[in-house]
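Data from input30.cif: mmCIF, C-alpha atoms and all ligand atoms
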```
data_data
#
loop_
_atom_site.label_atom_id
_atom_site.label_comp_id
_atom_site.auth_asym_id
_atom_site.auth_seq_id
_atom_site.Cartn_x
_atom_site.Cartn_y
_atom_site.Cartn_z
CA MET A 1 0.00 0.00 0.00
CA LYS A 2 1.15 3.53 -0.80
CA ARG A 3 2.68 5.46 2.09
CA VAL A 4 0.95 8.71 2.95
CA VAL A 5 3.53 11.47 3.17
CA ALA A 6 2.65 14.83 4.70
CA ILE A 7 4.55 18.09 4.91
CA TYR A 8 4.24 20.28 8.00
CA PRO A 9 5.56 23.64 6.75
CA GLY A 10 6.28 26.72 8.80
CA SER A 11 8.77 29.33 9.95
CA PHE A 12 9.30 27.68 13.38
CA ASP A 13 10.99 30.85 14.61
CA PRO A 14 11.12 29.52 17.24
CA LEU A 15 9.66 26.05 17.68
CA THR A 16 6.94 26.09 20.36
CA ASN A 17 5.24 23.42 22.45
CA GLY A 18 2.21 23.90 20.21
CA HIS A 19 4.23 22.96 17.12
CA LEU A 20 5.55 19.88 18.92
CA ASP A 21 2.06 18.83 19.95
CA LEU A 22 0.97 19.04 16.32
CA ILE A 23 4.02 17.10 15.09
CA GLU A 24 3.22 14.30 17.53
CA ARG A 25 -0.41 14.21 16.38
CA GLY A 26 0.67 14.26 12.72
CA SER A 27 3.18 11.46 13.26
CA LYS A 28 0.32 9.24 14.45
CA ILE A 29 -1.85 9.61 11.36
CA PHE A 30 0.66 9.95 8.52
CA ASP A 31 3.19 7.31 7.48
CA ASP A 32 5.87 9.95 7.02
CA LEU A 33 5.83 13.51 8.25
CA ILE A 34 8.34 16.02 6.91
CA VAL A 35 8.68 19.16 9.02
CA ALA A 36 9.70 21.73 6.41
CA ILE A 37 11.23 25.00 7.57
CA LEU A 38 10.73 27.98 5.27
CA SER A 39 14.25 29.25 4.67
CA ASN A 40 13.23 32.63 3.26
CA PRO A 41 15.83 35.04 4.73
CA GLU A 42 13.66 38.05 3.75
CA LYS A 43 11.54 37.24 6.80
CA GLU A 44 14.59 38.15 8.95
CA PRO A 45 14.17 35.32 11.45
CA LEU A 46 15.51 35.48 14.99
CA PHE A 47 17.07 32.03 14.59
CA THR A 48 19.10 30.98 11.57
CA LEU A 49 17.90 28.11 9.45
CA GLN A 50 20.62 25.92 10.93
CA GLU A 51 19.61 26.77 14.50
CA ARG A 52 15.94 26.08 13.77
CA THR A 53 16.85 22.80 12.07
CA GLU A 54 19.00 21.69 15.02
CA MET A 55 16.31 22.50 17.58
CA LEU A 56 13.63 20.71 15.57
CA ARG A 57 15.83 17.64 14.99
CA ALA A 58 16.68 17.43 18.68
CA MET A 59 13.03 17.62 19.69
CA THR A 60 11.63 15.22 17.06
CA LYS A 61 14.20 12.42 17.17
CA GLN A 62 11.82 10.38 19.34
CA TRP A 63 9.45 9.91 16.34
CA SER A 64 11.03 7.65 13.71
CA ASN A 65 8.65 8.69 10.90
CA VAL A 66 9.34 12.43 11.38
CA SER A 67 12.13 14.17 9.45
CA VAL A 68 13.23 17.79 9.33
CA ASP A 69 14.08 19.63 6.13
CA SER A 70 13.92 23.14 4.68
CA PHE A 71 12.46 24.66 1.53
CA ASN A 72 12.34 27.82 -0.49
CA GLY A 73 9.85 28.91 -3.12
CA LEU A 74 6.42 27.41 -3.59
CA LEU A 75 5.25 24.88 -1.05
CA VAL A 76 3.36 22.92 -3.72
CA GLU A 77 6.58 22.49 -5.73
CA TYR A 78 8.39 21.24 -2.66
CA ALA A 79 5.53 18.84 -1.87
CA ARG A 80 5.69 17.51 -5.44
CA GLU A 81 9.45 16.93 -5.14
CA LYS A 82 8.89 14.97 -1.93
CA GLY A 83 5.97 12.95 -3.31
CA ALA A 84 3.74 14.27 -0.52
CA GLN A 85 -0.05 13.95 -0.67
CA ALA A 86 -0.89 16.26 2.21
CA VAL A 87 0.05 19.47 3.97
CA LEU A 88 -0.50 19.60 7.72
CA ARG A 89 -1.37 22.92 9.37
CA GLY A 90 -2.50 23.75 12.88
CA ILE A 91 -5.56 25.79 13.72
CA ARG A 92 -5.56 27.22 17.22
CA ALA A 93 -8.56 29.53 17.13
CA ILE A 94 -11.11 30.80 14.66
CA SER A 95 -8.81 33.78 14.00
CA ASP A 96 -6.32 31.42 12.30
CA TYR A 97 -8.98 30.07 10.00
CA GLU A 98 -9.20 32.88 7.44
CA TYR A 99 -5.46 32.96 6.71
CA GLU A 100 -5.21 29.18 6.69
CA LEU A 101 -8.24 28.78 4.42
CA GLN A 102 -6.78 31.29 1.98
CA MET A 103 -3.44 29.46 1.87
CA ALA A 104 -5.10 26.05 1.58
CA LEU A 105 -7.31 27.18 -1.31
CA MET A 106 -4.40 28.87 -3.10
CA ASN A 107 -2.34 25.70 -2.73
CA ARG A 108 -5.30 23.67 -4.03
CA LYS A 109 -5.57 25.98 -7.03
CA LEU A 110 -1.86 25.48 -7.74
CA GLU A 111 -1.91 21.73 -7.07
CA PRO A 112 -5.38 20.14 -6.89
CA GLN A 113 -3.95 16.74 -5.83
CA LEU A 114 -2.43 18.12 -2.62
CA GLU A 115 -4.77 18.07 0.39
CA THR A 116 -4.41 20.42 3.34
CA VAL A 117 -5.25 18.74 6.65
CA PHE A 118 -5.97 20.94 9.67
CA MET A 119 -5.40 19.66 13.17
CA MET A 120 -5.95 21.36 16.51
CA PRO A 121 -3.23 21.41 19.16
CA ALA A 122 -4.17 20.55 22.75
CA GLU A 123 -6.11 23.42 24.29
CA GLN A 124 -3.31 24.37 26.68
CA TYR A 125 -1.29 25.42 23.63
CA SER A 126 -4.07 27.24 21.80
CA TYR A 127 -2.77 30.72 22.71
CA ILE A 128 0.91 30.10 21.95
CA SER A 129 2.53 31.59 18.86
CA SER A 130 6.18 32.08 17.92
CA ARG A 131 5.56 35.82 17.59
CA LEU A 132 4.18 36.12 21.15
CA VAL A 133 6.94 33.91 22.56
CA LYS A 134 9.55 36.31 21.14
CA GLU A 135 7.67 39.34 22.44
CA VAL A 136 7.23 37.93 25.95
CA PHE A 137 10.87 36.84 26.08
CA HIS A 138 12.21 40.19 24.89
CA LEU A 139 10.13 41.98 27.50
CA GLY A 140 11.51 39.79 30.26
CA GLY A 141 8.60 37.38 30.74
CA SER A 142 8.95 33.65 31.32
CA VAL A 143 8.55 31.34 28.31
CA LYS A 144 9.05 28.21 30.39
CA GLU A 145 5.85 26.37 29.54
CA LEU A 146 5.60 27.78 26.04
CA VAL A 147 8.69 26.32 24.36
CA PRO A 148 10.93 23.27 24.85
CA LYS A 149 13.92 23.72 27.17
CA VAL A 150 16.42 23.68 24.30
CA VAL A 151 14.62 26.66 22.72
CA GLU A 152 14.49 28.55 26.01
CA GLU A 153 18.25 28.04 26.44
CA LYS A 154 18.95 29.22 22.89
CA LEU A 155 16.85 32.32 23.51
CA TYR A 156 18.93 33.18 26.58
CA ALA A 157 22.15 32.46 24.66
CA LYS A 158 21.07 34.90 21.93
CA VAL A 159 20.37 37.67 24.40
CA LYS A 160 23.73 37.13 26.16
CA LYS A 161 25.60 37.42 22.85
CA ARG A 162 24.19 40.91 22.20
O1 LIG A 201 4.74 29.44 10.24
P1 LIG A 201 4.16 30.28 9.16
O2 LIG A 201 5.01 31.51 8.95
O3 LIG A 201 2.71 30.59 9.38
O4 LIG A 201 4.23 29.42 7.81
C1 LIG A 201 3.83 29.96 6.58
C2 LIG A 201 4.20 29.04 5.40
C3 LIG A 201 5.67 28.70 5.42
C4 LIG A 201 3.39 27.76 5.49
C5 LIG A 201 3.83 29.80 4.10
O5 LIG A 201 4.38 31.08 4.13
C6 LIG A 201 4.30 29.09 2.83
O6 LIG A 201 3.82 28.04 2.48
N1 LIG A 201 5.28 29.70 2.13
C7 LIG A 201 5.85 29.16 0.91
C8 LIG A 201 5.49 30.04 -0.29
C9 LIG A 201 4.20 29.60 -0.95
O7 LIG A 201 4.05 28.48 -1.35
N2 LIG A 201 3.26 30.55 -1.05
C10 LIG A 201 1.96 30.33 -1.63
C11 LIG A 201 1.07 29.51 -0.70
S1 LIG A 201 -0.35 30.34 -0.25
#
```
Would you write the structure of this file as structure tokens?
Amino acid sequence: MKRVVAIYPGSFDPLTNGHLDLIERGSKIFDDLIVAILSNPEKEPLFTLQERTEMLRAMTKQWSNVSVDSFNGLLVEYAREKGAQAVLRGIRAISDYEYELQMALMNRKLEPQLETVFMMPAEQYSYISSRLVKEVFHLGGSVKELVPKVVEEKLYAKVKKR
């Protein structure tokens, strides 16, 4: 039987506990799950592509069917290259829905064979976003239960370097 391959794309700047929750859920329903980091440097990420890759690899090594990669350009092209049938995206609240629907329908227009599958993270993660994690951290708040320990440490290391 054909293996169902899914791509979980995102900026992951940084990886949060919500992302990890979704990766775990995705790893249970897809045969192979590729976590694909958008490497677009125009977005001026806080963490380099290499740093984001390392953190994701460290935190996903427990799931044998999960791999970490990066991409540039159109997601549908990348999915075609990887032979993926699905794109996994998380929906936390109704406010995510409009943006996600727009992306899913655009991707469907570009590649009708590629399905977008939405999953919800556990409710305790429904308010966490990478953007808010960075804001809270920069303003001196605790991000302890929002991101994995390795990410928290890297955040502190970045601040120390400045
Ligand atoms: O974590 P993010 O920033 O919400 O992820 C957004 C992402 C990477 C999924 C989206 O920007 C994307 O797919 N970019 C690739 C470019 C592309 O294919 N654009 C057209 C799709 S609507």
For this session: Step by step, measure atom-to-atom distances between ligand LIG 201 (chain A) and each residue using all atoms listed in the file, keep those at most 10 Å, then write them as a VMD selection string.
Result: chain A and resid 7 to 15 19 36 to 40 43 70 to 79 87 to 90 96 99 to 110 129 to 131
Seminar exercise, completed: For A:Val68, the closest of A:Glu42, A:Asp32, A:Tyr97, A:Glu81 counting only C-alpha atoms is A:Asp32
Pick out the residues sitting within 10 Å of A:Tyr127, and hand them over as a compact mmCIF listing (two decimals) with C-alpha atoms, in the frame of the given file; count all atoms listed in the file, and ignore anything fewer than 5 positions along from it in its own chain.
```txt
# COMPACT_ATOMS: atom_id res chain seq x y z
CA GLY A 18 2.21 23.90 20.21
CA ARG A 92 -5.56 27.22 17.22
CA ALA A 93 -8.56 29.53 17.13
CA PRO A 121 -3.23 21.41 19.16
CA LEU A 132 4.18 36.12 21.15
CA LEU A 146 5.60 27.78 26.04
```
For this session: Work out how far atom CA of A:Ile91 is from atom CA of A:Lys154, in Å to one decimal.
Result: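 Between atom CA of A:Lys154 and atom CA of A:Ile91 the gap works out to 26.4 Å.
If you look at atom CA of A:Gln113 and atom CA of A:Glu24, they are 24.6 Å away from each other.
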Exercise. Which residue gives the smallest distance to A:Thr60 among A:Ala84, A:Pro148, A:Glu135, A:Ser95, with only C-alpha atoms counted?
Worked result: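 When distances to A:Thr60 are compared using only C-alpha atoms, the smallest one comes from A:Pro148.
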Exercise. Using only C-alpha atoms, which residue out of A:Gln62, A:Thr48, A:Gln85, A:Thr53 lies closest to A:Val4?
Worked result: A:Gln85
Exercise. With all atoms listed in the file as the atoms that count, which of A:Ser27, A:Glu44, A:Leu33, A:Gly140 lies nearest to A:Gly83?
Worked result: A:Leu33
Exercise. By how many Å are atom CA of A:Tyr125 and atom CA of A:Leu155 apart?
Worked result: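 Rounded to one decimal, the two atoms are 19.4 Å apart.
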Exercise. Which neighbours of A:Val143 fall inside 9 Å, counting all atoms listed in the file, when residues of the same chain fewer than 2 positions from it are skipped, and could you give them as a count of residues only?
Worked result: 9
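Using only C-alpha atoms, the nearest neighbour of A:Leu22 within the list A:Ile94, A:Met1, A:Ala157, A:Val35 is A:Val35.
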